[in-house]
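Asker: There's a structure below that I have some questions on.
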Amino acid sequence: MKIFDIESLIDKFKNKPKVFIKELPVGTIIYLETENSTYKLEVIDPNECCVLASGGYFQRKNIEPAKTYIIGSTFGGSMIFKDQLIEGLFCEFYNNIITSRIKRIFIYSKN
């Protein structure tokens, strides 16, 4: 069994590219390129981390665009970086949807 020190895991992702959802203006478009899919997320309420989500899971389930909430980024377990998207981690949505690992994040703002 491999044992991880939580501080070293956190340090590993400290300098990775990240986005703080609550700092983005309404209308900002986030493209998440994950290992398996691409997601388009339009920020509709940054204070609540509320987005209109398309692509990936939402496309496969034919429910796009779907109003949902970004919980944050996770290692894949219960530890989460709330309200953030971090390259190398998984994105978790409110409705318990977890993406594959985020490879790249692209931000397009109307401002």
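Each chain in the structure tokens gets a letter, A, B and so on, in the order shown; residues start at 1 in every chain, and ligands are counted from 1 in the order they appear.
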If we count only C-alpha atoms, what is near Arg101 (chain A) at a cut-off of 7 Å, once residues fewer than 4 positions away on the same chain are taken out, given as a VMD selection string?

Answerer: chain A and resid 34 to 35 88 to 90

Asker: Atoms to include: C-alpha atoms. Write the selected residues as a short mmCIF file (atom, residue, chain, number, x, y, z; two decimals), in the first residue's frame.

Answerer:
data_model
loop_
_atom_site.label_atom_id
_atom_site.label_comp_id
_atom_site.auth_asym_id
_atom_site.auth_seq_id
_atom_site.Cartn_x
_atom_site.Cartn_y
_atom_site.Cartn_z
CA THR A 34 -9.97 16.51 -19.72
CA GLU A 35 -8.40 13.14 -20.46
CA GLY A 88 -4.15 17.68 -13.12
CA LEU A 89 -7.14 17.15 -10.81
CA PHE A 90 -10.75 16.10 -11.45
#

Asker: If you run DSSP over the backbone, which residues in region 4-102 of chain A end up alpha helix (DSSP H)? Put them as a PyMOL selection string.

Answerer: chain A and resi 6-14+56-60

Asker: Have a look at CA of Ile44 (chain A) and CA of Ile86 (chain A) and let me know their distance in Å, one decimal.

Answerer: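 Between CA of Ile44 (chain A) and CA of Ile86 (chain A) the gap is 19.8 Å.
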
Asker: Just the number, please: distance in Å from CA of Ile29 (chain A) to CA of Pro46 (chain A), one decimal.

Answerer: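 Interatomic distance, CA of Ile29 (chain A) to CA of Pro46 (chain A): 11.6 Å.
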
Asker: Find the residues near Ser37 (chain A): any atom within 8 Å, counting only C-alpha atoms, skip ones fewer than 5 places away on the same chain, and give them as a VMD selection string.

Answerer: chain A and resid 55 to 56 100

Asker: I need the chosen residues saved as a CSV table (one decimal), in the first residue's frame, with N, CA and C atoms.

Answerer:
chain,number,residue,atom,x,y,z
A,55,GLY,N,-21.0,19.5,-23.3
A,55,GLY,CA,-19.9,18.6,-23.6
A,55,GLY,C,-19.8,17.5,-22.6
A,56,GLY,N,-18.8,16.6,-22.9
A,56,GLY,CA,-18.5,15.5,-22.0
A,56,GLY,C,-19.8,14.8,-21.5
A,100,SER,N,-12.9,13.3,-15.9
A,100,SER,CA,-11.6,12.7,-15.9
A,100,SER,C,-10.6,13.9,-15.6

Asker: Per residue of region 53-107 of chain A within 12 Å of region 20-24 of chain A, note the shortest atom pair and the distance in Å to one decimal, counting only C-alpha atoms, and order the rows by chain and increasing residue number, as CSV.

Answerer:
residue,atom,partner,partner_atom,distance
A:Tyr69,CA,A:Ile21,CA,10.3
A:Ile70,CA,A:Ile21,CA,8.2
A:Ile71,CA,A:Ile21,CA,9.8
A:Gly72,CA,A:Ile21,CA,8.8
A:Ser73,CA,A:Phe20,CA,10.5
A:Phe81,CA,A:Phe20,CA,9.9
A:Lys82,CA,A:Phe20,CA,8.9
A:Asp83,CA,A:Ile21,CA,5.7
A:Gln84,CA,A:Phe20,CA,4.7
A:Leu85,CA,A:Phe20,CA,6.7
A:Ile86,CA,A:Phe20,CA,8.9
A:Ile105,CA,A:Phe20,CA,11.7
A:Ile107,CA,A:Leu24,CA,9.5

Asker: Write a file of the just-selected residues containing N, CA and C atoms, as a CSV table (one decimal), in the first residue's frame.

Answerer:
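Generated output (again-v4.csv):
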chain,number,residue,atom,x,y,z
A,69,TYR,N,-23.6,23.3,-10.8
A,69,TYR,CA,-22.7,24.1,-9.9
A,69,TYR,C,-21.4,23.3,-9.8
A,70,ILE,N,-20.3,24.1,-9.9
A,70,ILE,CA,-19.0,23.5,-9.8
A,70,ILE,C,-18.7,23.5,-8.3
A,71,ILE,N,-18.4,22.3,-7.7
A,71,ILE,CA,-18.0,22.2,-6.3
A,71,ILE,C,-16.5,22.5,-6.2
A,72,GLY,N,-15.7,22.0,-7.2
A,72,GLY,CA,-14.3,22.3,-7.1
A,72,GLY,C,-13.5,21.2,-7.8
A,73,SER,N,-12.2,21.1,-7.4
A,73,SER,CA,-11.3,20.1,-8.0
A,73,SER,C,-10.9,19.1,-6.9
A,81,PHE,N,-10.7,21.0,-3.5
A,81,PHE,CA,-10.3,22.4,-3.5
A,81,PHE,C,-11.5,23.2,-4.0
A,82,LYS,N,-12.3,23.7,-3.0
A,82,LYS,CA,-13.6,24.3,-3.3
A,82,LYS,C,-13.5,25.5,-4.2
A,83,ASP,N,-14.4,25.6,-5.1
A,83,ASP,CA,-14.6,26.7,-6.0
A,83,ASP,C,-13.5,26.9,-7.0
A,84,GLN,N,-12.6,25.9,-7.2
A,84,GLN,CA,-11.5,26.0,-8.1
A,84,GLN,C,-11.4,24.9,-9.1
A,85,LEU,N,-10.9,25.3,-10.3
A,85,LEU,CA,-10.5,24.3,-11.3
A,85,LEU,C,-9.0,24.2,-11.4
A,86,ILE,N,-8.4,23.1,-11.2
A,86,ILE,CA,-7.0,22.9,-11.2
A,86,ILE,C,-6.5,21.9,-12.1
A,105,ILE,N,-7.0,24.2,-19.2
A,105,ILE,CA,-8.1,25.1,-18.9
A,105,ILE,C,-7.9,26.3,-19.8
A,107,ILE,N,-9.8,30.1,-20.8
A,107,ILE,CA,-10.8,31.1,-20.4
A,107,ILE,C,-11.0,32.1,-21.5

Asker: So the first atom is CA of Ile30 (chain A) and the second is CA of Tyr108 (chain A); what is the distance between them in Å, to one decimal place?

Answerer: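 The value is 6.4 Å.
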
Asker: Between A:Phe93, A:Phe106, A:Tyr39, A:Tyr31, which is the closest to Glu64 (chain A) once you count only C-alpha atoms?

Answerer: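 Answer, going by the shortest atom-to-atom distance: A:Tyr39.
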
Asker: Just the residues within 10 Å of Val26 (chain A), please, counting only C-alpha atoms, with nothing from its chain fewer than 5 positions along; format it as an MDAnalysis selection string.

Answerer: chainID A and resid 42:47 50:51 109:111

Asker: So, with only C-alpha atoms as the atoms that count, which of A:Leu32, A:Ala66, A:Leu41, A:Ile98 lies closest to Ile80 (chain A)?

Answerer: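 Among A:Leu32, A:Ala66, A:Leu41, A:Ile98, it is A:Ile98 that comes nearest to Ile80 (chain A).
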